[in-house]
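protein_10.txt (compact mmCIF, C-alpha atoms)
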# COMPACT_ATOMS: atom_id res chain seq x y z
CA MET O 1 -16.91 -156.43 43.98
CA ALA O 2 -19.35 -154.60 46.29
CA ASP O 3 -17.04 -154.99 49.28
CA LYS O 4 -14.09 -153.76 47.22
CA ILE O 5 -15.97 -150.60 46.23
CA LYS O 6 -16.93 -149.89 49.84
CA SER O 7 -13.38 -150.39 51.11
CA SER O 8 -11.85 -148.32 48.31
CA TYR O 9 -14.01 -145.30 49.04
CA LYS O 10 -13.46 -145.67 52.77
CA PHE O 11 -9.71 -145.64 52.08
CA SER O 12 -9.94 -142.56 49.84
CA LYS O 13 -12.26 -140.44 51.98
CA SER O 14 -9.41 -138.33 53.39
CA PHE O 15 -8.18 -137.22 49.94
CA TYR O 16 -11.22 -137.76 47.69
CA ASP O 17 -12.28 -134.10 47.62
CA ASP O 18 -8.80 -132.86 46.74
CA ALA O 19 -8.61 -135.47 43.99
CA ILE O 20 -11.81 -134.54 42.19
CA THR O 21 -11.61 -130.76 42.68
CA GLN O 22 -7.94 -130.46 41.64
CA GLY O 23 -7.15 -128.94 45.00
CA LYS O 24 -3.55 -130.23 45.06
CA TRP O 25 -0.71 -130.43 42.53
CA TRP O 26 -1.02 -134.21 42.35
CA SER O 27 -4.75 -134.00 41.62
CA LYS O 28 -4.06 -131.59 38.75
CA LEU O 29 -1.66 -134.19 37.37
CA TYR O 30 -4.29 -136.89 37.89
CA PHE O 31 -6.80 -134.95 35.81
CA LYS O 32 -4.25 -134.21 33.11
CA LEU O 33 -3.41 -137.90 32.78
CA LEU O 34 -6.77 -139.56 33.41
CA TRP O 35 -9.36 -137.09 32.16
CA GLY O 36 -7.36 -135.49 29.36
CA GLY O 37 -6.84 -132.19 31.16
CA VAL O 38 -10.52 -131.32 31.60
CA ASP O 39 -11.69 -129.22 34.53
CA ASP O 40 -14.06 -131.34 36.62
CA ASN O 41 -15.16 -128.25 38.53
CA GLU O 42 -16.31 -126.56 35.33
CA ILE O 43 -18.11 -129.64 34.06
CA ALA O 44 -19.89 -130.01 37.40
CA ARG O 45 -20.91 -126.34 37.18
CA ARG O 46 -22.34 -126.87 33.67
CA VAL O 47 -24.27 -129.98 34.66
CA LEU O 48 -25.71 -128.34 37.77
CA SER O 49 -26.67 -125.25 35.76
CA TRP O 50 -29.21 -127.42 33.95
CA ILE O 51 -31.23 -127.50 37.20
CA PRO O 52 -32.89 -124.15 37.96
CA ASP O 53 -32.37 -122.76 41.46
CA ASP O 54 -36.15 -122.44 41.86
CA PHE O 55 -36.74 -126.12 40.94
CA LYS O 56 -39.77 -127.36 42.92
CA GLY O 57 -39.87 -131.04 41.98
CA LYS O 58 -38.38 -134.26 43.32
CA MET O 59 -34.76 -135.04 42.58
CA LEU O 60 -32.49 -138.04 43.16
CA ASP O 61 -28.73 -137.52 43.46
CA VAL O 62 -26.94 -140.87 43.00
CA PRO O 63 -24.17 -141.23 43.95
CA VAL O 64 -24.00 -138.13 46.13
CA GLY O 65 -20.37 -138.80 47.10
CA THR O 66 -19.15 -136.17 49.57
CA ALA O 67 -21.38 -133.46 48.02
CA VAL O 68 -18.29 -131.37 47.37
CA PHE O 69 -19.73 -130.12 44.08
CA THR O 70 -23.40 -129.91 45.03
CA THR O 71 -23.70 -128.34 48.50
CA GLU O 72 -23.59 -124.72 47.33
CA LYS O 73 -26.10 -125.49 44.58
CA TYR O 74 -28.46 -127.22 47.00
CA LYS O 75 -28.35 -124.23 49.36
CA ARG O 76 -30.05 -122.25 46.59
CA MET O 77 -32.60 -124.98 45.77
CA LYS O 78 -34.79 -124.27 48.79
CA GLN O 79 -38.04 -125.46 47.19
CA ALA O 80 -36.75 -128.80 45.89
CA ASP O 81 -37.39 -132.23 47.43
CA ILE O 82 -33.94 -133.85 47.18
CA THR O 83 -32.95 -137.43 47.98
CA CYS O 84 -29.22 -138.22 48.11
CA LEU O 85 -28.12 -141.85 47.91
CA ASP O 86 -24.68 -143.45 48.00
CA TYR O 87 -23.38 -147.00 48.34
CA SER O 88 -20.50 -145.84 50.54
CA GLN O 89 -21.50 -144.94 54.09
CA ASP O 90 -18.21 -143.04 54.45
CA MET O 91 -19.01 -140.80 51.50
CA LEU O 92 -22.56 -140.34 52.75
CA GLU O 93 -21.42 -139.23 56.20
CA GLN O 94 -19.23 -136.54 54.68
CA ALA O 95 -22.14 -135.33 52.54
CA GLU O 96 -24.42 -135.21 55.59
CA TYR O 97 -21.79 -133.20 57.48
CA ARG O 98 -21.65 -130.69 54.63
CA PHE O 99 -25.43 -130.36 54.42
CA ARG O 100 -25.73 -129.79 58.16
CA GLY O 101 -22.98 -127.17 58.08
CA ALA O 102 -24.74 -125.37 55.23
CA GLY O 103 -28.08 -125.42 57.05
CA ILE O 104 -29.82 -127.41 54.30
CA THR O 105 -33.00 -129.03 55.58
CA ASN O 106 -34.79 -130.22 52.41
CA ILE O 107 -32.51 -133.22 51.73
CA LYS O 108 -32.99 -136.84 52.75
CA THR O 109 -29.83 -138.99 52.70
CA MET O 110 -29.71 -142.76 52.54
CA GLN O 111 -27.33 -145.63 51.91
CA GLY O 112 -28.32 -147.78 48.96
CA ASP O 113 -27.52 -149.44 45.65
CA VAL O 114 -28.29 -147.80 42.31
CA GLY O 115 -28.91 -151.29 40.93
CA ALA O 116 -31.86 -151.76 43.32
CA LEU O 117 -33.30 -148.33 44.03
CA PRO O 118 -35.85 -148.36 46.88
CA PHE O 119 -38.30 -146.07 45.10
CA GLU O 120 -41.53 -146.52 43.18
CA GLU O 121 -41.71 -146.20 39.42
CA GLY O 122 -41.82 -142.58 38.26
CA SER O 123 -40.74 -141.10 41.59
CA PHE O 124 -38.43 -138.32 40.36
CA ASP O 125 -38.49 -135.34 38.03
CA VAL O 126 -34.68 -135.27 37.83
CA VAL O 127 -31.97 -137.86 38.44
CA LEU O 128 -28.46 -136.44 38.85
CA CYS O 129 -25.61 -138.93 38.39
CA MET O 130 -22.20 -137.27 38.73
CA ASN O 131 -19.02 -139.38 38.53
CA GLY O 132 -20.96 -142.57 39.08
CA LEU O 133 -21.57 -144.58 35.93
CA HIS O 134 -17.93 -145.61 35.53
CA VAL O 135 -18.06 -147.00 39.10
CA PHE O 136 -21.33 -148.96 39.10
CA PRO O 137 -20.67 -152.72 38.76
CA ASN O 138 -23.87 -153.50 36.85
CA LYS O 139 -24.30 -150.64 34.41
CA ASP O 140 -27.28 -152.23 32.65
CA LYS O 141 -29.14 -152.42 35.96
CA ALA O 142 -28.12 -148.89 36.92
CA TYR O 143 -29.50 -147.42 33.68
CA SER O 144 -32.63 -149.55 34.05
CA GLU O 145 -33.30 -148.44 37.62
CA ILE O 146 -32.70 -144.78 36.82
CA LEU O 147 -35.11 -145.04 33.90
CA ARG O 148 -37.71 -146.81 36.05
CA THR O 149 -37.67 -144.20 38.80
CA LEU O 150 -37.79 -141.21 36.44
CA LYS O 151 -41.18 -139.76 35.55
CA PRO O 152 -42.07 -139.52 31.84
CA GLY O 153 -40.59 -136.20 30.77
CA GLY O 154 -38.12 -136.35 33.65
CA GLU O 155 -34.46 -135.62 33.03
CA LEU O 156 -31.28 -137.59 33.57
CA LEU O 157 -28.18 -135.41 34.05
CA ALA O 158 -24.82 -137.17 34.19
CA CYS O 159 -21.06 -136.85 33.85
CA PHE O 160 -18.48 -139.66 34.00
CA TYR O 161 -15.41 -141.31 32.45
CA ILE O 162 -15.79 -142.93 29.04
CA ALA O 163 -13.40 -145.23 27.19
CA GLY O 164 -11.93 -144.73 23.76
CA GLU O 165 -11.07 -141.04 23.96
CA GLN O 166 -7.66 -140.96 25.69
CA LYS O 167 -5.18 -143.85 25.54
CA VAL O 168 -3.47 -142.88 28.80
CA ALA O 169 -6.84 -142.49 30.51
CA ASP O 170 -7.94 -145.93 29.31
CA TRP O 171 -4.72 -147.52 30.57
CA LEU O 172 -5.02 -145.86 33.98
CA ALA O 173 -8.69 -146.78 34.27
CA LYS O 174 -8.00 -150.46 33.54
CA THR O 175 -4.77 -150.93 35.49
CA VAL O 176 -4.86 -148.49 38.42
CA MET O 177 -8.40 -147.26 39.06
CA THR O 178 -9.99 -150.68 38.55
CA ARG O 179 -7.40 -152.42 40.71
CA MET O 180 -8.01 -149.92 43.52
CA GLY O 181 -11.78 -150.39 43.28
CA TRP O 182 -12.54 -146.80 42.26
CA PHE O 183 -13.67 -147.76 38.73
CA THR O 184 -15.50 -150.89 37.58
CA PRO O 185 -15.28 -152.30 34.03
CA PRO O 186 -16.60 -152.72 31.45
CA PHE O 187 -16.50 -149.05 30.44
CA ASP O 188 -18.80 -147.49 27.87
CA THR O 189 -17.64 -145.41 24.93
CA ALA O 190 -19.53 -142.26 23.91
CA ASN O 191 -21.29 -144.28 21.22
CA ASP O 192 -22.27 -146.96 23.75
CA VAL O 193 -23.91 -144.29 25.91
CA ARG O 194 -25.80 -142.84 22.95
CA GLN O 195 -27.16 -146.30 22.15
CA ARG O 196 -28.23 -146.79 25.76
CA LEU O 197 -30.10 -143.50 25.76
CA GLU O 198 -31.65 -143.06 22.35
CA THR O 199 -34.42 -145.67 22.72
CA TYR O 200 -35.80 -144.23 25.95
CA TYR O 201 -34.72 -140.58 25.98
CA ASP O 202 -34.55 -137.45 23.90
CA ILE O 203 -30.90 -136.39 24.12
CA LEU O 204 -30.92 -132.65 24.80
CA ASP O 205 -27.18 -132.07 25.36
CA PHE O 206 -24.28 -134.43 24.80
CA HIS O 207 -20.65 -133.36 25.22
CA VAL O 208 -17.28 -135.13 25.28
CA GLU O 209 -14.27 -133.37 26.78
CA GLY O 210 -11.06 -135.33 27.17
CA ALA O 211 -12.09 -138.67 28.64
CA MET O 212 -15.25 -137.30 30.22
CA LEU O 213 -18.82 -137.29 28.93
CA TYR O 214 -21.62 -135.14 30.26
CA PHE O 215 -25.19 -135.05 29.01
CA LYS O 216 -28.80 -134.09 29.62
CA ALA O 217 -31.55 -136.43 28.43
CA LYS O 218 -35.35 -136.35 28.80
CA LYS O 219 -37.28 -139.57 29.33
CA ILE O 220 -39.75 -140.19 26.51
Could the structure of this file be written out as structure tokens, please?
Amino acid sequence: MADKIKSSYKFSKSFYDDAITQGKWWSKLYFKLLWGGVDDNEIARRVLSWIPDDFKGKMLDVPVGTAVFTTEKYKRMKQADITCLDYSQDMLEQAEYRFRGAGITNIKTMQGDVGALPFEEGSFDVVLCMNGLHVFPNKDKAYSEILRTLKPGGELLACFYIAGEQKVADWLAKTVMTRMGWFTPPFDTANDVRQRLETYYDILDFHVEGAMLYFKAKKI
């Protein structure tokens, strides 16, 4: 499964940005069918707005992907200590290229696995997880590692595909996206995510749009 994920994101690196930003006609169709017509750009903007530009703490971005949504935000976060991690070296190289081009110097990038984060307990004030939790093979371990590396009172901000909201989206996720290695079952429903969070977090914001969930939760 790990090799399949790596190869799938290597294959998609030339069109990944267009796909997730709706930059082409076919990507608009993709979002209409898979995500229920939601605007991923707007959801990314809302999630990132939860982090103040003058944030001075330590933040983990996992998976960073190509940083297509985050580079402009990170340019404004000059006082933050940001670590960006991705399993795909191809995605990571594109993110690094963007950061260099934007002149961002307060980011450390690294290849790694969210299921075995190389950080001490309570390392981060914020963990940002955009478009990742429907990809991670071991979701239990991913949630556990994120929780472990967050400080008490730290915040988890996330957005990702959830099952049970759009029949067409569920069919595409199971038959096309999973087969290509871009998604990894099993997929949580909105209620599954609430149950994962409510024991360990205070849920501050929780929104479902189409087949996408985005939330902000504070570690208890």
Can you tell me which residues surround segment 209-218 of chain O at a distance of at most 7 Å, considering only C-alpha atoms, apart from same-chain residues fewer than 3 positions away, and format the answer as an NGL selection string? :O and (35-38 or 153-163 or 165-166 or 169 or 201-206)
Exercise: Tyr143 of chain O partners within 12 Å, all atoms listed in the file, chain neighbours under 4 positions left out, as a VMD selection string: chain O and resid 62 114 to 117 127 129 132 to 134 136 to 139 147 to 150 156 158 193 195 to 197 200 to 201 219
Using Å and a single decimal, report how far atom CA of Lys141 of chain O sits from atom CA of Thr83 of chain O.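 Answer for the atom CA of Thr83 of chain O to atom CA of Lys141 of chain O separation: 19.6 Å.
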Please, what distance in Å, to one decimal, runs between atom CA of Met177 of chain O and atom CA of Val135 of chain O?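 Separating atom CA of Met177 of chain O from atom CA of Val135 of chain O is a distance of 9.7 Å.
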Around (-24.7, -127.4, 51.9) in the file's own coordinates, what residues are found within 7 Å if you use only C-alpha atoms, given back as a PyMOL selection string? chain O and resi 71-72+74-75+98-104
Selection export as a short mmCIF file (atom, residue, chain, number, x, y, z; two decimals), keeping the file's coordinate frame, atoms kept: C-alpha atoms:
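result_11.cif was written with the following content:
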data_model
loop_
_atom_site.label_atom_id
_atom_site.label_comp_id
_atom_site.auth_asym_id
_atom_site.auth_seq_id
_atom_site.Cartn_x
_atom_site.Cartn_y
_atom_site.Cartn_z
CA THR O 71 -23.70 -128.34 48.50
CA GLU O 72 -23.59 -124.72 47.33
CA TYR O 74 -28.46 -127.22 47.00
CA LYS O 75 -28.35 -124.23 49.36
CA ARG O 98 -21.65 -130.69 54.63
CA PHE O 99 -25.43 -130.36 54.42
CA ARG O 100 -25.73 -129.79 58.16
CA GLY O 101 -22.98 -127.17 58.08
CA ALA O 102 -24.74 -125.37 55.23
CA GLY O 103 -28.08 -125.42 57.05
CA ILE O 104 -29.82 -127.41 54.30
#
Tell me, in Å to one decimal, how far atom CA of Thr105 of chain O is from atom CA of Phe69 of chain O. 17.6 Å
Please tell me which residues are no farther than 7 Å from (-22.0, -148.8, 52.5) in the file, counting only C-alpha atoms, and write them as a PyMOL selection string. chain O and resi 6+87-89+111
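Near Ala44 of chain O, within a cut-off of 9 Å and counting all atoms listed in the file, sit the residues O:Asp39, O:Asp40, O:Asn41, O:Glu42, O:Arg46, O:Val47, O:Leu48, O:Ser49, O:Phe69, O:Thr70, O:Met130, O:Cys159, O:Tyr214, with same-chain residues fewer than 2 positions away left out.
When all atoms listed in the file are used to compute distances to Ile220 of chain O, the closest of the residues O:Leu92, O:Pro152, O:Ile43, O:Thr109 turns out to be O:Pro152.
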With 5 Å added on each side, what axis-aligned box encloses every listed atom of segment 144-160 of chain O? Give the centre and edge lengths in Å to one decimal, as AutoDock Vina command-line options.
--center_x -30.3 --center_y -142.5 --center_z 34.8 --size_x 33.6 --size_y 24.1 --size_z 18.0
Show which residues sit within 8 Å of Asp54 of chain O, as a list in words. Count all atoms listed in the file, and ignore same-chain residues fewer than 2 positions away.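 The neighbour list is Pro52, Lys56, Arg76, Met77, Lys78, Gln79 and Ala80 of chain O.
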Write the residues of the preceding selection, restricted to C-alpha atoms, as a compact mmCIF listing (two decimals), in the coordinates of the input.
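Listed below is the output, part-v1.txt:
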# COMPACT_ATOMS: atom_id res chain seq x y z
CA PRO O 52 -32.89 -124.15 37.96
CA LYS O 56 -39.77 -127.36 42.92
CA ARG O 76 -30.05 -122.25 46.59
CA MET O 77 -32.60 -124.98 45.77
CA LYS O 78 -34.79 -124.27 48.79
CA GLN O 79 -38.04 -125.46 47.19
CA ALA O 80 -36.75 -128.80 45.89
Please rebuild segment 38-73 of chain O with N, CA and C atoms and return the result as a short mmCIF file (atom, residue, chain, number, x, y, z; two decimals), in the frame of the given file.
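result_30.cif written:
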data_model
loop_
_atom_site.label_atom_id
_atom_site.label_comp_id
_atom_site.auth_asym_id
_atom_site.auth_seq_id
_atom_site.Cartn_x
_atom_site.Cartn_y
_atom_site.Cartn_z
N VAL O 38 -9.27 -132.06 31.42
CA VAL O 38 -10.52 -131.32 31.60
C VAL O 38 -10.62 -130.81 33.04
N ASP O 39 -11.46 -129.80 33.21
CA ASP O 39 -11.69 -129.22 34.53
C ASP O 39 -12.99 -129.79 35.08
N ASP O 40 -12.88 -130.69 36.04
CA ASP O 40 -14.06 -131.34 36.62
C ASP O 40 -14.96 -130.33 37.31
N ASN O 41 -14.36 -129.29 37.88
CA ASN O 41 -15.16 -128.25 38.53
C ASN O 41 -16.08 -127.55 37.53
N GLU O 42 -15.53 -127.25 36.35
CA GLU O 42 -16.31 -126.56 35.33
C GLU O 42 -17.40 -127.46 34.77
N ILE O 43 -17.09 -128.73 34.55
CA ILE O 43 -18.11 -129.64 34.06
C ILE O 43 -19.22 -129.81 35.08
N ALA O 44 -18.87 -129.92 36.35
CA ALA O 44 -19.89 -130.01 37.40
C ALA O 44 -20.77 -128.76 37.39
N ARG O 45 -20.14 -127.59 37.22
CA ARG O 45 -20.91 -126.34 37.18
C ARG O 45 -21.91 -126.36 36.02
N ARG O 46 -21.45 -126.83 34.84
CA ARG O 46 -22.34 -126.87 33.67
C ARG O 46 -23.50 -127.83 33.90
N VAL O 47 -23.21 -129.00 34.42
CA VAL O 47 -24.27 -129.98 34.66
C VAL O 47 -25.28 -129.44 35.67
N LEU O 48 -24.80 -128.87 36.75
CA LEU O 48 -25.71 -128.34 37.77
C LEU O 48 -26.49 -127.13 37.27
N SER O 49 -25.95 -126.41 36.30
CA SER O 49 -26.67 -125.25 35.76
C SER O 49 -27.93 -125.66 35.00
N TRP O 50 -28.01 -126.94 34.63
CA TRP O 50 -29.21 -127.42 33.95
C TRP O 50 -30.40 -127.55 34.91
N ILE O 51 -30.16 -127.46 36.21
CA ILE O 51 -31.23 -127.50 37.20
C ILE O 51 -31.47 -126.08 37.69
N PRO O 52 -32.65 -125.52 37.50
CA PRO O 52 -32.89 -124.15 37.96
C PRO O 52 -32.88 -124.06 39.49
N ASP O 53 -32.42 -122.95 40.00
CA ASP O 53 -32.37 -122.76 41.46
C ASP O 53 -33.76 -122.81 42.08
N ASP O 54 -34.79 -122.44 41.32
CA ASP O 54 -36.15 -122.44 41.86
C ASP O 54 -36.90 -123.74 41.53
N PHE O 55 -36.16 -124.80 41.21
CA PHE O 55 -36.74 -126.12 40.94
C PHE O 55 -37.60 -126.55 42.13
N LYS O 56 -38.83 -127.02 41.86
CA LYS O 56 -39.77 -127.36 42.92
C LYS O 56 -40.13 -128.85 42.94
N GLY O 57 -39.52 -129.63 42.07
CA GLY O 57 -39.87 -131.04 41.98
C GLY O 57 -39.06 -131.94 42.88
N LYS O 58 -39.11 -133.24 42.56
CA LYS O 58 -38.38 -134.26 43.32
C LYS O 58 -37.15 -134.69 42.54
N MET O 59 -36.02 -134.74 43.23
CA MET O 59 -34.76 -135.04 42.58
C MET O 59 -34.01 -136.12 43.34
N LEU O 60 -33.37 -137.03 42.59
CA LEU O 60 -32.49 -138.04 43.16
C LEU O 60 -31.06 -137.75 42.74
N ASP O 61 -30.16 -137.68 43.71
CA ASP O 61 -28.73 -137.52 43.46
C ASP O 61 -28.05 -138.84 43.82
N VAL O 62 -27.55 -139.55 42.78
CA VAL O 62 -26.94 -140.87 43.00
C VAL O 62 -25.77 -141.05 42.05
N PRO O 63 -24.56 -141.24 42.54
CA PRO O 63 -24.17 -141.23 43.95
C PRO O 63 -23.87 -139.81 44.41
N VAL O 64 -24.24 -139.48 45.63
CA VAL O 64 -24.00 -138.13 46.13
C VAL O 64 -22.54 -137.90 46.45
N GLY O 65 -21.78 -138.98 46.72
CA GLY O 65 -20.37 -138.80 47.10
C GLY O 65 -20.26 -137.98 48.37
N THR O 66 -19.33 -137.04 48.39
CA THR O 66 -19.15 -136.17 49.57
C THR O 66 -19.90 -134.86 49.41
N ALA O 67 -20.64 -134.69 48.32
CA ALA O 67 -21.38 -133.46 48.02
C ALA O 67 -20.48 -132.24 47.87
N VAL O 68 -19.23 -132.48 47.50
CA VAL O 68 -18.29 -131.37 47.37
C VAL O 68 -18.68 -130.43 46.23
N PHE O 69 -19.31 -130.96 45.18
CA PHE O 69 -19.73 -130.12 44.08
C PHE O 69 -21.14 -129.56 44.25
N THR O 70 -21.97 -130.21 45.04
CA THR O 70 -23.40 -129.91 45.03
C THR O 70 -23.91 -129.09 46.20
N THR O 71 -23.17 -129.00 47.29
CA THR O 71 -23.70 -128.34 48.50
C THR O 71 -24.11 -126.90 48.23
N GLU O 72 -23.26 -126.13 47.59
CA GLU O 72 -23.59 -124.72 47.33
C GLU O 72 -24.81 -124.60 46.43
N LYS O 73 -24.93 -125.49 45.46
CA LYS O 73 -26.10 -125.49 44.58
C LYS O 73 -27.36 -125.81 45.38
#
